[in-house]
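Here's model18.txt, which has compact mmCIF, C-alpha atoms:
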# COMPACT_ATOMS: atom_id res chain seq x y z
CA MET A 294 0.00 0.00 0.00
CA THR A 295 3.01 2.38 0.30
CA ASN A 296 2.83 3.23 -3.41
CA ALA A 297 -0.97 3.24 -3.57
CA LYS A 298 -2.69 6.28 -5.01
CA VAL A 299 -4.31 8.43 -2.32
CA VAL A 300 -7.84 9.37 -3.36
CA LEU A 301 -10.12 11.90 -1.69
CA ILE A 302 -13.75 11.78 -2.82
CA THR A 303 -16.58 13.93 -1.51
CA GLY A 304 -20.08 12.68 -0.77
CA VAL A 305 -19.62 8.94 -0.23
CA SER A 306 -22.70 8.33 1.92
CA SER A 307 -24.61 6.81 -0.99
CA GLY A 308 -25.05 6.67 -4.75
CA ILE A 309 -22.26 7.53 -7.16
CA GLY A 310 -19.82 8.63 -4.46
CA ARG A 311 -20.12 5.42 -2.48
CA GLU A 312 -19.76 3.24 -5.58
CA ALA A 313 -16.74 5.20 -6.80
CA ALA A 314 -15.08 4.91 -3.39
CA LEU A 315 -15.60 1.14 -3.43
CA GLN A 316 -14.14 0.85 -6.93
CA PHE A 317 -11.07 2.91 -6.04
CA ALA A 318 -10.52 0.73 -2.97
CA ALA A 319 -10.87 -2.42 -5.08
CA LYS A 320 -8.05 -1.13 -7.29
CA GLY A 321 -5.74 -0.85 -4.29
CA CYS A 322 -6.03 2.90 -3.74
CA ARG A 323 -6.02 4.40 -0.28
CA VAL A 324 -9.42 6.07 -0.22
CA PHE A 325 -10.72 8.85 2.00
CA GLY A 326 -14.41 9.66 1.64
CA THR A 327 -16.25 12.63 3.07
CA VAL A 328 -19.55 12.51 4.94
CA ARG A 329 -21.38 15.31 6.69
CA CYS A 330 -21.88 13.40 9.94
CA LEU A 331 -19.72 10.47 11.03
CA ARG A 332 -22.23 9.33 13.66
CA ARG A 333 -24.94 8.76 11.06
CA ALA A 334 -22.72 7.47 8.27
CA GLU A 335 -22.70 3.85 7.20
CA GLN A 336 -19.20 2.43 6.88
CA VAL A 337 -17.86 1.94 3.35
CA PRO A 338 -15.58 -1.13 3.13
CA GLY A 339 -11.98 -0.15 2.43
CA VAL A 340 -12.70 3.56 2.78
CA GLU A 341 -11.62 5.88 5.60
CA LEU A 342 -14.44 8.30 6.35
CA ILE A 343 -13.74 11.96 7.03
CA GLU A 344 -16.36 14.28 8.47
CA MET A 345 -16.57 17.29 6.18
CA ASP A 346 -19.13 19.75 4.85
CA VAL A 347 -18.06 21.20 1.51
CA ARG A 348 -20.16 24.29 2.28
CA GLU A 349 -17.98 25.18 5.28
CA PRO A 350 -14.43 26.50 4.63
CA LEU A 351 -13.14 25.53 8.09
CA SER A 352 -14.54 22.01 7.74
CA VAL A 353 -12.91 21.61 4.33
CA GLY A 354 -9.55 22.95 5.48
CA HIS A 355 -9.48 20.82 8.61
CA GLY A 356 -10.47 17.64 6.75
CA VAL A 357 -7.91 18.03 3.96
CA GLN A 358 -5.13 18.86 6.43
CA LYS A 359 -6.03 15.81 8.52
CA ILE A 360 -5.57 13.57 5.48
CA PHE A 361 -2.30 15.20 4.49
CA ASP A 362 -0.93 14.94 8.04
CA GLN A 363 -1.74 11.22 7.96
CA VAL A 364 -0.49 10.17 4.52
CA LYS A 365 1.56 13.16 3.33
CA ARG A 366 -0.01 13.35 -0.13
CA ILE A 367 -3.27 13.47 -2.10
CA ASP A 368 -3.02 12.13 -5.65
CA VAL A 369 -6.66 12.33 -6.75
CA LEU A 370 -9.50 14.64 -5.72
CA VAL A 371 -12.99 13.66 -6.87
CA ASN A 372 -15.52 16.45 -6.39
CA ASN A 373 -18.71 14.40 -6.33
CA ALA A 374 -20.93 16.02 -3.67
CA GLY A 375 -23.93 17.77 -5.22
CA THR A 376 -27.52 18.83 -4.78
CA ASN A 377 -30.48 19.47 -7.07
CA LEU A 378 -33.57 21.70 -7.18
CA ILE A 379 -36.73 21.37 -9.27
CA GLY A 380 -38.67 24.49 -10.21
CA ALA A 381 -39.10 27.07 -12.94
CA VAL A 382 -36.49 29.81 -12.97
CA GLU A 383 -39.19 32.37 -12.09
CA GLU A 384 -40.20 30.26 -9.07
CA THR A 385 -36.67 29.90 -7.70
CA THR A 386 -35.58 32.41 -5.07
CA PRO A 387 -32.04 33.79 -5.03
CA LEU A 388 -31.50 32.08 -1.67
CA GLU A 389 -32.49 28.70 -3.13
CA ALA A 390 -30.21 29.27 -6.11
CA ALA A 391 -27.37 30.28 -3.80
CA SER A 392 -27.82 27.08 -1.80
CA VAL A 393 -27.43 24.94 -4.94
CA PHE A 394 -24.36 26.88 -6.05
CA ASP A 395 -22.87 26.72 -2.55
CA THR A 396 -22.58 22.94 -2.84
CA ASN A 397 -22.24 22.34 -6.58
CA VAL A 398 -19.84 25.17 -7.47
CA PHE A 399 -18.37 26.79 -4.38
CA GLY A 400 -17.97 23.38 -2.76
CA ILE A 401 -15.72 22.38 -5.66
CA LEU A 402 -13.86 25.68 -5.36
CA ARG A 403 -13.25 25.17 -1.62
CA MET A 404 -12.08 21.58 -2.06
CA THR A 405 -9.83 22.47 -4.98
CA GLN A 406 -8.21 25.39 -3.20
CA ALA A 407 -7.57 23.23 -0.13
CA VAL A 408 -5.96 20.38 -2.10
CA LEU A 409 -4.00 22.29 -4.76
CA PRO A 410 -1.13 23.48 -2.51
CA HIS A 411 -0.33 19.85 -1.71
CA MET A 412 -0.60 18.75 -5.34
CA ARG A 413 1.59 21.64 -6.48
CA ARG A 414 4.30 20.59 -4.04
CA GLN A 415 4.01 17.01 -5.35
CA ARG A 416 4.18 18.30 -8.95
CA GLU A 417 1.39 15.92 -9.91
CA GLY A 418 -2.29 15.21 -9.30
CA ARG A 419 -5.67 14.66 -10.92
CA ILE A 420 -8.89 16.53 -10.10
CA VAL A 421 -12.14 14.92 -11.28
CA ASN A 422 -15.22 17.13 -11.20
CA VAL A 423 -18.56 15.36 -11.51
CA SER A 424 -20.69 17.48 -13.84
CA SER A 425 -23.73 16.32 -15.82
CA VAL A 426 -25.14 16.30 -19.33
CA LEU A 427 -27.04 19.31 -17.96
CA GLY A 428 -23.70 21.08 -17.94
CA PHE A 429 -23.97 21.33 -21.74
CA LEU A 430 -27.74 20.99 -22.25
CA PRO A 431 -30.67 23.13 -21.06
CA ALA A 432 -32.86 21.71 -18.30
CA PRO A 433 -36.43 23.06 -18.14
CA TYR A 434 -37.55 23.20 -14.50
CA MET A 435 -34.04 22.44 -13.25
CA GLY A 436 -32.52 25.70 -14.45
CA VAL A 437 -30.46 26.49 -11.37
CA TYR A 438 -29.02 22.98 -11.23
CA SER A 439 -28.16 23.20 -14.93
CA ALA A 440 -26.61 26.64 -14.42
CA SER A 441 -24.44 25.26 -11.60
CA LYS A 442 -23.20 22.44 -13.81
CA HIS A 443 -22.50 24.85 -16.69
CA ALA A 444 -20.40 26.78 -14.16
CA VAL A 445 -18.55 23.62 -13.18
CA GLU A 446 -17.71 23.01 -16.84
CA GLY A 447 -16.24 26.49 -17.33
CA LEU A 448 -14.39 26.41 -14.02
CA SER A 449 -12.88 23.00 -14.76
CA GLU A 450 -11.63 23.83 -18.26
CA THR A 451 -10.07 27.06 -17.04
CA LEU A 452 -8.48 25.40 -14.02
CA ASP A 453 -6.93 22.72 -16.20
CA HIS A 454 -5.10 25.38 -18.21
CA GLU A 455 -3.79 26.98 -15.03
CA VAL A 456 -2.51 23.91 -13.19
CA ARG A 457 -1.09 21.70 -15.93
CA GLN A 458 2.23 23.59 -15.50
CA PHE A 459 2.48 21.79 -12.14
CA GLY A 460 1.79 18.32 -13.52
CA ILE A 461 -1.87 18.49 -12.43
CA ARG A 462 -4.79 17.83 -14.77
CA VAL A 463 -8.51 18.47 -14.34
CA THR A 464 -11.21 16.39 -15.98
CA LEU A 465 -15.01 16.30 -16.14
CA VAL A 466 -17.37 13.36 -15.85
CA GLU A 467 -20.78 14.05 -17.42
CA PRO A 468 -23.42 11.46 -16.48
CA SER A 469 -27.05 11.44 -17.59
CA TYR A 470 -29.93 9.96 -15.57
CA THR A 471 -28.59 7.73 -12.78
CA LYS A 472 -30.55 5.78 -10.21
CA THR A 473 -29.49 7.68 -7.07
CA GLN A 474 -31.12 9.35 -4.09
CA LEU A 475 -30.02 12.74 -5.44
CA ASP A 476 -32.21 12.30 -8.50
CA ALA A 477 -35.09 10.52 -6.80
CA ASN A 478 -35.46 12.92 -3.85
CA SER A 479 -34.80 16.27 -5.49
CA PRO A 480 -36.31 19.16 -3.51
CA HIS A 481 -38.72 21.58 -5.16
CA ALA A 482 -38.70 25.36 -5.12
CA SER A 483 -40.65 26.49 -2.08
CA THR A 484 -42.86 28.97 -3.95
CA THR A 485 -44.81 27.82 -6.99
CA ILE A 486 -46.55 29.79 -9.74
CA ALA A 487 -49.75 28.17 -11.02
CA ALA A 488 -49.04 29.07 -14.64
CA TYR A 489 -46.16 26.58 -14.63
CA ASP A 490 -48.01 23.72 -12.89
CA GLY A 491 -48.87 21.72 -16.00
CA GLU A 492 -45.45 21.65 -17.61
CA ARG A 493 -43.56 21.41 -14.32
CA ASP A 494 -45.54 18.39 -13.17
CA LEU A 495 -45.17 16.76 -16.59
CA VAL A 496 -41.39 17.22 -16.59
CA ALA A 497 -41.18 15.94 -13.01
CA ARG A 498 -43.01 12.74 -14.00
CA VAL A 499 -40.76 12.21 -17.03
CA PHE A 500 -37.72 12.88 -14.85
CA SER A 501 -38.86 10.35 -12.23
CA ALA A 502 -39.61 7.69 -14.86
CA ASN A 503 -36.18 8.13 -16.45
CA VAL A 504 -34.46 7.85 -13.07
CA ASN A 505 -36.34 4.65 -12.28
CA ASN A 506 -35.11 3.12 -15.55
CA ALA A 507 -31.61 4.59 -15.34
CA PRO A 508 -28.32 2.67 -14.99
CA ALA A 509 -26.97 1.94 -11.52
CA PRO A 510 -24.45 4.34 -9.93
CA SER A 511 -21.69 1.80 -10.55
CA VAL A 512 -21.72 2.71 -14.27
CA VAL A 513 -20.87 6.35 -13.54
CA ALA A 514 -18.46 5.31 -10.78
CA ASN A 515 -16.50 3.25 -13.30
CA THR A 516 -16.17 6.31 -15.53
CA ILE A 517 -14.95 8.37 -12.56
CA VAL A 518 -12.24 5.81 -11.80
CA GLU A 519 -11.15 5.80 -15.45
CA ALA A 520 -11.06 9.61 -15.45
CA ALA A 521 -8.91 9.61 -12.31
CA LEU A 522 -6.47 6.80 -13.07
CA GLY A 523 -6.51 6.51 -16.86
CA PRO A 524 -5.13 8.72 -19.63
CA TRP A 525 -6.24 12.34 -19.31
CA ARG A 526 -9.24 13.51 -21.31
CA MET A 527 -11.08 16.76 -20.62
CA ARG A 528 -14.52 15.11 -20.73
CA ARG A 529 -15.73 11.60 -20.14
CA THR A 530 -19.34 10.55 -20.57
CA PRO A 531 -20.56 7.13 -19.39
CA GLY A 532 -21.71 4.88 -22.21
CA GLY A 533 -25.33 4.97 -23.26
CA GLN A 534 -27.55 8.04 -23.13
CA ALA A 535 -24.89 10.42 -21.79
CA SER A 536 -22.51 9.58 -24.62
CA ILE A 537 -25.26 9.93 -27.24
CA LEU A 538 -26.37 13.31 -25.87
CA SER A 539 -22.80 14.58 -25.90
CA LYS A 540 -22.40 13.68 -29.57
CA LEU A 541 -25.79 15.18 -30.50
CA ARG A 542 -24.92 18.45 -28.80
CA ARG A 543 -21.52 18.57 -30.46
CA TYR A 544 -22.46 17.66 -34.03
CA LEU A 545 -26.13 18.54 -34.63
CA PRO A 546 -27.47 22.05 -35.25
CA ALA A 547 -29.13 23.70 -32.26
CA GLY A 548 -32.64 23.46 -33.73
CA PRO A 549 -32.92 19.66 -33.90
CA VAL A 550 -31.31 19.29 -30.47
CA ASP A 551 -33.85 21.72 -29.01
CA ALA A 552 -36.76 19.92 -30.66
CA SER A 553 -35.51 16.51 -29.51
CA LEU A 554 -35.15 17.69 -25.93
CA ARG A 555 -38.68 19.11 -25.81
CA LYS A 556 -40.11 15.97 -27.36
CA GLN A 557 -38.37 13.77 -24.78
CA LEU A 558 -39.78 15.89 -21.95
CA GLY A 559 -43.29 15.95 -23.49
CA LEU A 560 -43.28 19.72 -23.99
CA ALA A 561 -45.36 21.23 -26.79

If you took the structure in this file and wrote it as structure tokens, what would it be?
Amino acid sequence: MTNAKVVLITGVSSGIGREAALQFAAKGCRVFGTVRCLRRAEQVPGVELIEMDVREPLSVGHGVQKIFDQVKRIDVLVNNAGTNLIGAVEETTPLEAASVFDTNVFGILRMTQAVLPHMRRQREGRIVNVSSVLGFLPAPYMGVYSASKHAVEGLSETLDHEVRQFGIRVTLVEPSYTKTQLDANSPHASTTIAAYDGERDLVARVFSANVNNAPAPSVVANTIVEAALGPWRMRRTPGGQASILSKLRRYLPAGPVDASLRKQLGLA
């Protein structure tokens, strides 16, 4: 284990994060996984749990330093922790939007800034940011979530240009529907506007049906492990729908992509 890669992954309580942590451990990595509350967390075999809230700078700094004091290096950071919100843009308050960004964007920023000094001293490292196909596609009634993932895409590409001089590379993983608690239990905007009820409810039903029929988190977790340990590529999309959507967005004109999206969601 002395030459094992040291991996830090956020949000390992369930879903994609837990599966990715298990897969890293199975490959012989020394894995640290973050949870918000150690007392309530279920143990993950082969993974050392660290209590950390990515929304709290002191929590992030303390957790990262604790790992570095213990093993003296961090080779891979996987920014996986995320949250969602369902609601029309007009229905979403600035405070609700800020809460989503606090985890999905600023959480990544806090984690990255805490880990980068150690990686720069090592002159190597890999940062994997879990984005979404909604980081390059629109998402009716999940506009703030989509906006946060678009931000993650821009932040990641820019960061990769800045840190490659130190032997560090940044990469994105862009999954589509995945059967996780994040997708299934997405909160809704607290204030609703009746004019949006019909379409919002329709999209929510389509969203739920797609999640129920979606691949298991292990599929995305496998892509995360490849992104962290394999040859560098800026973007990796799990096989299936995510890969197809990425190609459609890249190669088709905007009009057909827009029409296809609305048809899939049942929008007129």

Near-Arg403 in chain A list (7 Å; all atoms listed in the file; drop same-chain fewer than 4 positions) as a compact mmCIF listing (two decimals) with C-alpha atoms, keeping the file's coordinate frame:
# COMPACT_ATOMS: atom_id res chain seq x y z
CA VAL A 347 -18.06 21.20 1.51
CA PRO A 350 -14.43 26.50 4.63
CA VAL A 353 -12.91 21.61 4.33
CA PHE A 399 -18.37 26.79 -4.38
CA ALA A 407 -7.57 23.23 -0.13

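In this structure, CA of Thr451 in chain A sits 21.7 Å away from CA of Thr516 in chain A.
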
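Here the question is which of A:Leu378, A:Ala334, A:Val324, A:Ile420 gets nearest to Leu452 in chain A using all atoms listed in the file, and that residue is A:Ile420.
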
One decimal place gives the CA of Pro510 in chain A-CA of Ser441 in chain A separation as 21.0 Å

Go through range 328-441 of chain A residue by residue and, counting only C-alpha atoms, keep those with an atom at most 9 Å from range 542-555 of chain A; for each kept residue give the shortest atom pair and its distance in Å to one decimal, ordered by chain and increasing number, as JSON lines.
{"residue": "A:Phe429", "atom": "CA", "partner": "A:Arg542", "partner_atom": "CA", "distance": 7.7}
{"residue": "A:Leu430", "atom": "CA", "partner": "A:Arg542", "partner_atom": "CA", "distance": 7.6}
{"residue": "A:Pro431", "atom": "CA", "partner": "A:Leu554", "partner_atom": "CA", "distance": 8.6}
{"residue": "A:Ala432", "atom": "CA", "partner": "A:Leu554", "partner_atom": "CA", "distance": 8.9}
{"residue": "A:Pro433", "atom": "CA", "partner": "A:Arg555", "partner_atom": "CA", "distance": 8.9}

In Å and to one decimal, CA of Pro524 in chain A is distant from CA of Gly428 in chain A by 22.4 Å

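Distances from A:Thr327, A:Ser439, A:Gln415, A:Asn515 to Phe459 in chain A were compared using only C-alpha atoms, and the smallest one belongs to A:Gln415.
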
| said: Please list, as a PyMOL selection string, the residues that have an atom at most 12 Å away from (-13.2, 19.7, 4.3) in the coordinates of this file, counting only C-alpha atoms. | reply: chain A and resi 301-304+325-329+342-361+370+372+374+400-408

Those residues with C-alpha atoms, as a PDB file, keeping the file's coordinate frame please?
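File written: again.pdb
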ATOM      1  CA  LEU A 301     -10.120  11.900  -1.690  1.00  0.00           C
ATOM      2  CA  ILE A 302     -13.750  11.780  -2.820  1.00  0.00           C
ATOM      3  CA  THR A 303     -16.580  13.930  -1.510  1.00  0.00           C
ATOM      4  CA  GLY A 304     -20.080  12.680  -0.770  1.00  0.00           C
ATOM      5  CA  PHE A 325     -10.720   8.850   2.000  1.00  0.00           C
ATOM      6  CA  GLY A 326     -14.410   9.660   1.640  1.00  0.00           C
ATOM      7  CA  THR A 327     -16.250  12.630   3.070  1.00  0.00           C
ATOM      8  CA  VAL A 328     -19.550  12.510   4.940  1.00  0.00           C
ATOM      9  CA  ARG A 329     -21.380  15.310   6.690  1.00  0.00           C
ATOM     10  CA  LEU A 342     -14.440   8.300   6.350  1.00  0.00           C
ATOM     11  CA  ILE A 343     -13.740  11.960   7.030  1.00  0.00           C
ATOM     12  CA  GLU A 344     -16.360  14.280   8.470  1.00  0.00           C
ATOM     13  CA  MET A 345     -16.570  17.290   6.180  1.00  0.00           C
ATOM     14  CA  ASP A 346     -19.130  19.750   4.850  1.00  0.00           C
ATOM     15  CA  VAL A 347     -18.060  21.200   1.510  1.00  0.00           C
ATOM     16  CA  ARG A 348     -20.160  24.290   2.280  1.00  0.00           C
ATOM     17  CA  GLU A 349     -17.980  25.180   5.280  1.00  0.00           C
ATOM     18  CA  PRO A 350     -14.430  26.500   4.630  1.00  0.00           C
ATOM     19  CA  LEU A 351     -13.140  25.530   8.090  1.00  0.00           C
ATOM     20  CA  SER A 352     -14.540  22.010   7.740  1.00  0.00           C
ATOM     21  CA  VAL A 353     -12.910  21.610   4.330  1.00  0.00           C
ATOM     22  CA  GLY A 354      -9.550  22.950   5.480  1.00  0.00           C
ATOM     23  CA  HIS A 355      -9.480  20.820   8.610  1.00  0.00           C
ATOM     24  CA  GLY A 356     -10.470  17.640   6.750  1.00  0.00           C
ATOM     25  CA  VAL A 357      -7.910  18.030   3.960  1.00  0.00           C
ATOM     26  CA  GLN A 358      -5.130  18.860   6.430  1.00  0.00           C
ATOM     27  CA  LYS A 359      -6.030  15.810   8.520  1.00  0.00           C
ATOM     28  CA  ILE A 360      -5.570  13.570   5.480  1.00  0.00           C
ATOM     29  CA  PHE A 361      -2.300  15.200   4.490  1.00  0.00           C
ATOM     30  CA  LEU A 370      -9.500  14.640  -5.720  1.00  0.00           C
ATOM     31  CA  ASN A 372     -15.520  16.450  -6.390  1.00  0.00           C
ATOM     32  CA  ALA A 374     -20.930  16.020  -3.670  1.00  0.00           C
ATOM     33  CA  GLY A 400     -17.970  23.380  -2.760  1.00  0.00           C
ATOM     34  CA  ILE A 401     -15.720  22.380  -5.660  1.00  0.00           C
ATOM     35  CA  LEU A 402     -13.860  25.680  -5.360  1.00  0.00           C
ATOM     36  CA  ARG A 403     -13.250  25.170  -1.620  1.00  0.00           C
ATOM     37  CA  MET A 404     -12.080  21.580  -2.060  1.00  0.00           C
ATOM     38  CA  THR A 405      -9.830  22.470  -4.980  1.00  0.00           C
ATOM     39  CA  GLN A 406      -8.210  25.390  -3.200  1.00  0.00           C
ATOM     40  CA  ALA A 407      -7.570  23.230  -0.130  1.00  0.00           C
ATOM     41  CA  VAL A 408      -5.960  20.380  -2.100  1.00  0.00           C
TER      42      VAL A 408
END

Of A:Ser424, A:Ser449, A:Leu409, A:Ser392, the one nearest to Val437 in chain A when counting all atoms listed in the file is A:Ser392

In terms of only C-alpha atoms, the residue from A:Val463, A:Leu448, A:Met527, A:Val337 at minimal distance from Glu417 in chain A is A:Val463

Tell me which protein, DNA and RNA residues are within 7 Å of Asn377 in chain A, counting only C-alpha atoms, leaving out same-chain ones fewer than 6 positions away, and put them as a short mmCIF file (atom, residue, chain, number, x, y, z; two decimals) with C-alpha atoms, keeping the file's coordinate frame.
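Done, and the output landed in selection14.cif:
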data_model
loop_
_atom_site.label_atom_id
_atom_site.label_comp_id
_atom_site.auth_asym_id
_atom_site.auth_seq_id
_atom_site.Cartn_x
_atom_site.Cartn_y
_atom_site.Cartn_z
CA VAL A 393 -27.43 24.94 -4.94
CA TYR A 438 -29.02 22.98 -11.23
CA LEU A 475 -30.02 12.74 -5.44
CA SER A 479 -34.80 16.27 -5.49
CA PRO A 480 -36.31 19.16 -3.51
#

12 Å contact set for Gly491 in chain A, only C-alpha atoms, chain neighbours under 5 positions out, as a ChimeraX atom specification: /A:381,434,485-486,496-498,559-561

Surrounding residues of range 365-368 of chain A excluding itself and chain neighbours under 6 positions, 7 Å, all atoms listed in the file, as a PDB file with C-alpha atoms, in the coordinates of the input:
ATOM      1  CA  LYS A 298      -2.690   6.280  -5.010  1.00  0.00           C
ATOM      2  CA  VAL A 299      -4.310   8.430  -2.320  1.00  0.00           C
ATOM      3  CA  VAL A 300      -7.840   9.370  -3.360  1.00  0.00           C
ATOM      4  CA  HIS A 411      -0.330  19.850  -1.710  1.00  0.00           C
ATOM      5  CA  MET A 412      -0.600  18.750  -5.340  1.00  0.00           C
ATOM      6  CA  GLY A 418      -2.290  15.210  -9.300  1.00  0.00           C
ATOM      7  CA  ARG A 419      -5.670  14.660 -10.920  1.00  0.00           C
TER       8      ARG A 419
END

From the list A:Val421, A:Val499, A:Ala487, A:Ile379, the nearest residue to Leu522 in chain A using all atoms listed in the file is A:Val421

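Considering the residues A:Gly339, A:Gly310, A:Pro410, A:Pro387 and counting only C-alpha atoms, Val371 in chain A has its shortest atom-to-atom contact with A:Gly310.
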
* Residue neighbourhood Glu335 in chain A, 9 Å, only C-alpha atoms, exclusion window fewer than 2 positions, as a VMD selection string -> chain A and resid 306 to 307 331 to 333 337

Could the residues in this selection be written to a file with C-alpha atoms, as a PDB file, keeping the file's coordinate frame?
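The resulting file, result21.pdb, is shown below:
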ATOM      1  CA  SER A 306     -22.700   8.330   1.920  1.00  0.00           C
ATOM      2  CA  SER A 307     -24.610   6.810  -0.990  1.00  0.00           C
ATOM      3  CA  LEU A 331     -19.720  10.470  11.030  1.00  0.00           C
ATOM      4  CA  ARG A 332     -22.230   9.330  13.660  1.00  0.00           C
ATOM      5  CA  ARG A 333     -24.940   8.760  11.060  1.00  0.00           C
ATOM      6  CA  VAL A 337     -17.860   1.940   3.350  1.00  0.00           C
TER       7      VAL A 337
END
